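Student: File follows, query31.tsv with TSV, C-alpha atoms:
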```tsv
chain	number	residue	atom	x	y	z
A	2	MET	CA	22.78	133.92	31.83
A	3	LYS	CA	19.73	135.86	32.98
A	4	SER	CA	18.79	135.21	36.61
A	5	PRO	CA	15.02	134.60	36.96
A	6	LYS	CA	13.12	135.75	40.04
A	7	ILE	CA	10.49	134.89	42.61
A	8	LEU	CA	8.54	137.96	43.69
A	9	ALA	CA	6.86	137.72	47.10
A	10	GLY	CA	5.65	141.08	48.31
A	11	ALA	CA	8.70	143.33	48.07
A	12	LEU	CA	11.20	140.44	48.21
A	13	ALA	CA	12.95	139.12	45.09
A	14	LEU	CA	14.82	135.78	45.16
A	15	SER	CA	16.89	134.17	42.42
A	16	LEU	CA	15.64	130.76	41.19
A	17	GLY	CA	15.43	128.72	38.00
A	18	ALA	CA	12.26	130.40	36.77
A	19	ALA	CA	10.46	133.65	37.43
A	20	VAL	CA	7.61	133.22	39.91
A	21	ILE	CA	5.39	135.98	41.26
A	22	THR	CA	3.43	135.23	44.41
A	23	GLY	CA	0.40	137.01	45.79
A	24	VAL	CA	-3.19	136.72	46.96
A	25	PRO	CA	-5.25	134.08	45.08
A	26	ALA	CA	-8.04	135.16	42.75
A	27	GLN	CA	-11.50	135.24	44.29
A	28	ALA	CA	-14.26	132.94	43.10
A	29	GLU	CA	-16.12	134.24	40.07
A	30	PRO	CA	-19.61	135.63	40.69
A	31	GLN	CA	-22.47	133.59	39.24
A	32	GLN	CA	-23.68	134.85	35.91
A	33	HIS	CA	-27.14	136.38	35.64
A	34	PRO	CA	-29.54	133.62	34.53
A	35	SER	CA	-31.43	135.91	32.12
A	36	PHE	CA	-28.41	136.49	29.88
A	37	THR	CA	-27.33	134.33	26.98
A	38	THR	CA	-23.76	133.01	27.16
A	39	THR	CA	-21.37	132.66	24.25
A	40	ALA	CA	-21.56	128.87	24.56
A	41	GLN	CA	-25.35	129.05	24.14
A	42	MET	CA	-25.00	131.59	21.33
A	43	VAL	CA	-22.66	129.30	19.38
A	44	ASN	CA	-25.05	126.36	19.68
A	45	LEU	CA	-28.09	128.44	18.73
A	46	ALA	CA	-26.26	129.97	15.77
A	47	ARG	CA	-25.75	126.53	14.25
A	48	VAL	CA	-29.50	125.99	14.28
A	49	ALA	CA	-30.54	129.50	13.26
A	50	ALA	CA	-28.10	130.21	10.43
A	51	ASP	CA	-30.22	128.70	7.66
A	52	ASP	CA	-33.60	129.80	9.01
A	53	TYR	CA	-33.64	133.56	8.38
A	54	GLU	CA	-31.71	136.48	6.94
A	55	VAL	CA	-29.02	137.63	9.36
A	56	THR	CA	-28.56	141.36	10.03
A	57	LEU	CA	-25.61	143.48	11.12
A	58	ARG	CA	-26.23	146.58	13.19
A	59	GLY	CA	-24.82	148.99	15.76
A	60	ALA	CA	-21.25	148.97	17.01
A	61	ILE	CA	-20.69	145.33	16.01
A	62	GLY	CA	-21.86	146.03	12.47
A	63	ASP	CA	-19.65	149.13	12.29
A	64	TYR	CA	-16.63	147.17	13.51
A	65	PHE	CA	-17.33	144.42	10.96
A	66	ARG	CA	-17.47	146.90	8.08
A	67	THR	CA	-14.36	148.86	9.10
A	68	HIS	CA	-12.11	145.87	9.90
A	69	GLY	CA	-12.26	143.80	6.74
A	70	GLY	CA	-15.90	142.80	6.47
A	71	GLU	CA	-16.85	139.46	4.98
A	72	ALA	CA	-13.41	138.96	3.39
A	73	HIS	CA	-11.87	138.84	6.87
A	74	PHE	CA	-14.57	137.60	9.24
A	75	GLY	CA	-16.71	135.56	6.87
A	76	GLU	CA	-20.50	135.64	6.89
A	77	PRO	CA	-22.48	136.18	10.11
A	78	LEU	CA	-23.99	132.92	11.38
A	79	ALA	CA	-26.79	134.56	13.37
A	80	ASP	CA	-27.98	137.93	14.58
A	81	GLU	CA	-26.30	139.72	17.46
A	82	TRP	CA	-27.04	138.06	20.82
A	83	PRO	CA	-27.39	139.77	24.22
A	84	LEU	CA	-24.78	138.62	26.74
A	85	GLU	CA	-24.12	139.26	30.42
A	86	ASP	CA	-23.08	142.61	31.92
A	87	GLY	CA	-24.95	144.43	29.15
A	88	GLY	CA	-22.73	143.05	26.39
A	89	ALA	CA	-23.44	141.46	23.02
A	90	GLY	CA	-21.75	139.16	20.53
A	91	GLN	CA	-22.12	138.01	16.94
A	92	GLN	CA	-20.53	134.91	15.44
A	93	PHE	CA	-18.96	134.68	11.96
A	94	ASP	CA	-18.01	131.65	9.92
A	95	ASN	CA	-14.27	132.42	9.66
A	96	GLY	CA	-13.82	131.58	13.34
A	97	TYR	CA	-14.45	135.03	14.81
A	98	ILE	CA	-16.90	136.46	17.31
A	99	ILE	CA	-17.19	140.23	17.49
A	100	TYR	CA	-18.06	141.35	21.02
A	101	TRP	CA	-19.34	144.64	22.37
A	102	SER	CA	-19.87	145.85	25.92
A	103	PRO	CA	-20.49	149.29	27.44
A	104	GLN	CA	-17.13	149.12	29.21
A	105	THR	CA	-14.96	147.98	26.28
A	106	GLY	CA	-16.57	148.84	22.95
A	107	ALA	CA	-16.44	146.43	20.00
A	108	PHE	CA	-13.52	144.07	19.34
A	109	ALA	CA	-13.05	140.60	17.88
A	110	VAL	CA	-11.76	137.29	19.21
A	111	ASP	CA	-10.20	134.79	16.79
A	112	PHE	CA	-11.29	131.35	17.99
A	113	ASP	CA	-9.04	129.61	15.47
A	114	GLY	CA	-6.04	130.99	17.39
A	115	ALA	CA	-4.48	129.85	20.66
A	116	ILE	CA	-5.63	132.88	22.65
A	117	GLY	CA	-9.22	132.55	21.46
A	118	ASP	CA	-9.19	128.83	22.19
A	119	THR	CA	-7.99	129.47	25.75
A	120	TYR	CA	-10.70	132.10	26.19
A	121	ARG	CA	-13.26	129.52	25.03
A	122	GLN	CA	-11.94	126.80	27.36
A	123	GLY	CA	-12.20	129.22	30.27
A	124	ASP	CA	-15.93	129.83	29.55
A	125	TYR	CA	-15.68	133.01	27.49
A	126	GLU	CA	-17.05	136.26	28.94
A	127	SER	CA	-18.51	134.49	31.97
A	128	THR	CA	-14.97	134.22	33.37
A	129	TYR	CA	-12.86	136.79	31.53
A	130	GLY	CA	-15.28	139.45	30.32
A	131	TYR	CA	-14.96	141.20	26.96
A	132	PRO	CA	-11.95	142.09	24.78
A	133	LEU	CA	-10.38	145.50	25.39
A	134	PHE	CA	-8.66	145.42	22.00
A	135	ASP	CA	-7.88	142.99	19.20
A	136	GLU	CA	-5.09	140.44	19.52
A	137	VAL	CA	-1.74	142.15	18.90
A	138	ASN	CA	1.77	140.95	18.20
A	139	ILE	CA	4.37	141.76	20.86
A	140	PRO	CA	8.09	140.88	20.95
A	141	GLY	CA	8.27	137.10	21.18
A	142	GLY	CA	4.57	136.35	20.82
A	143	ALA	CA	1.06	137.78	21.00
A	144	MET	CA	-1.30	139.27	23.57
A	145	GLN	CA	-4.94	140.24	24.05
A	146	LYS	CA	-6.61	141.77	27.10
A	147	PHE	CA	-10.15	141.33	28.40
A	148	TYR	CA	-12.14	143.24	31.02
A	149	LYS	CA	-14.52	141.54	33.45
A	150	VAL	CA	-16.91	143.69	35.49
A	151	GLY	CA	-16.06	143.32	39.17
A	152	LYS	CA	-12.74	141.57	38.48
A	153	GLY	CA	-10.67	143.85	36.28
A	154	THR	CA	-8.36	142.98	33.40
A	155	TYR	CA	-7.18	139.55	32.25
A	156	ALA	CA	-4.22	139.51	29.86
A	157	PHE	CA	-3.78	136.49	27.58
A	158	TYR	CA	-0.20	135.89	26.45
A	159	TRP	CA	1.08	133.43	23.85
A	160	SER	CA	4.57	132.52	22.67
A	161	PRO	CA	5.82	129.54	20.64
A	162	SER	CA	7.72	128.12	23.62
A	163	THR	CA	5.11	128.67	26.36
A	164	GLY	CA	1.75	128.43	24.62
A	165	PRO	CA	-1.22	130.53	25.83
A	166	HIS	CA	-1.65	131.54	29.48
A	167	THR	CA	-3.49	134.27	31.37
A	168	VAL	CA	-2.38	136.90	33.86
A	169	TRP	CA	-5.04	138.46	36.11
A	170	GLU	CA	-4.01	142.10	36.35
A	171	GLY	CA	-6.58	142.72	39.08
A	172	GLY	CA	-4.57	140.63	41.55
A	173	ALA	CA	-1.26	141.20	43.32
A	174	ILE	CA	0.66	138.90	40.98
A	175	GLY	CA	-0.67	140.30	37.72
A	176	GLY	CA	-0.56	143.85	39.02
A	177	ARG	CA	3.12	143.58	39.82
A	178	PHE	CA	3.90	141.73	36.59
A	179	THR	CA	2.26	144.49	34.55
A	180	SER	CA	3.62	147.47	36.49
A	181	GLU	CA	7.20	146.18	36.49
A	182	GLY	CA	7.60	145.58	32.77
A	183	GLY	CA	5.49	142.53	31.92
A	184	THR	CA	7.07	140.11	29.48
A	185	GLY	CA	10.03	142.44	28.99
A	186	THR	CA	11.04	141.86	32.62
A	187	PHE	CA	9.69	138.43	33.52
A	188	GLY	CA	9.16	136.72	30.17
A	189	PHE	CA	5.93	134.99	29.20
A	190	PRO	CA	3.82	133.07	31.72
A	191	THR	CA	4.47	129.33	31.57
A	192	GLY	CA	1.35	128.39	33.53
A	193	GLU	CA	-1.73	129.79	35.23
A	194	GLU	CA	-1.88	131.38	38.69
A	195	GLU	CA	-1.99	128.58	41.26
A	196	VAL	CA	-3.30	128.63	44.82
A	197	THR	CA	-1.43	127.04	47.74
A	198	PRO	CA	-2.24	126.88	51.48
A	199	TYR	CA	0.10	129.87	51.85
A	200	GLY	CA	-1.18	132.12	49.06
A	201	ALA	CA	-0.69	131.94	45.30
A	202	PHE	CA	2.06	131.94	42.69
A	203	GLN	CA	2.57	132.10	38.94
A	204	VAL	CA	5.63	131.00	36.99
A	205	PHE	CA	7.17	133.02	34.18
A	206	GLN	CA	10.12	132.31	31.91
```
With the file now loaded, output its structure as structure tokens.
Tutor:
Amino acid sequence: MKSPKILAGALALSLGAAVITGVPAQAEPQQHPSFTTTAQMVNLARVAADDYEVTLRGAIGDYFRTHGGEAHFGEPLADEWPLEDGGAGQQFDNGYIIYWSPQTGAFAVDFDGAIGDTYRQGDYESTYGYPLFDEVNIPGGAMQKFYKVGKGTYAFYWSPSTGPHTVWEGGAIGGRFTSEGGTGTFGFPTGEEEVTPYGAFQVFQ
């Protein structure tokens, strides 16, 4: 039987589940009040969709056309909206939003899936930033990474037995998880990073 681990600094201990400990994540910076958020964009799109002809343009339009178009994403519900950190997003009626930012380029999030739903519950780009690539299948599940200016990369993992959870690669826990083999070494995360009076920890399979 595989022996799971707790990682605390350079020390590894054998326990019933893999736990990586480290410094807790810092508080998120407040978003710039002049930017639209995805939550606002979604609400406005419901109102605007029937009021005018929607256009596709730029990197988001190019991504839409080269990744399946209307057959895959559905019809756009509104024009592209400006978002924080210089990004943009456009919502489509098959459950997708295509995002673009200067740091990441254009990629889609499937909000009908578990990873997209977790991204939504965590307040979209305001917390996690923009997708670095589309959701991909990995052995045992799926994964998608997001980049947040000033915070680094958040990796969303999903498996049938654990459900969706995030790993902050900008912190000590996520950094070690990623550099030492990720899910191949530790398994999938079974919960989020948690803060204690003594630091922080995250449990893996």
Student: Contacts of Val150 of chain A at 12 Å or less, counting only C-alpha atoms, minus same-chain residues fewer than 4 places along, as a PyMOL selection string?
Tutor: chain A and resi 29-30+32+85-88+102-105+126-132+154-155+171
Student: Could you please determine the separation between atom CA of Arg121 of chain A and atom CA of Glu170 of chain A in Å, to one decimal place?
Tutor: 19.3 Å
Student: Extract, using all atoms listed in the file, all DNA, RNA and protein residues at most 7 Å from Phe134 of chain A, discarding same-chain residues fewer than 6 positions from it, and format them as a list in words.
Tutor: Phe108, Gln145 and Lys146 of chain A
Student: Rounded to one decimal in Å, what is the spacing between atom CA of Val168 of chain A and atom CA of Phe112 of chain A?
Tutor: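 Those two atoms sit 19.0 Å apart.
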Student: Mind giving me the straight-line distance from atom CA of Gly62 of chain A to atom CA of Met42 of chain A in Å, one decimal?
Tutor: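 Value for the atom CA of Gly62 of chain A-atom CA of Met42 of chain A distance: 17.2 Å.
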Student: May I ask which of the residues A:Ala79, A:Tyr100, A:Glu136, A:Tyr158 is the closest one to Asp63 of chain A, counting all atoms listed in the file?
Tutor: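 That would be A:Tyr100, the residue with the smallest distance to Asp63 of chain A.
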Student: Determine, using all atoms listed in the file, which residues of segment 122-160 of chain A have any atom at most 9 Å from an atom of segment 182-205 of chain A, and tabulate each with its shortest atom pair and distance in Å to one decimal place, rows ordered by chain and then rising number, as CSV.
Tutor:
```
residue,atom,partner,partner_atom,distance
A:Pro140,CA,A:Gly185,CA,8.4
A:Gly141,CA,A:Phe189,CA,8.6
A:Gly142,CA,A:Phe189,CA,8.6
A:Tyr158,CA,A:Phe189,CA,6.8
A:Trp159,CA,A:Phe189,CA,7.4
A:Ser160,CA,A:Phe189,CA,7.1
```
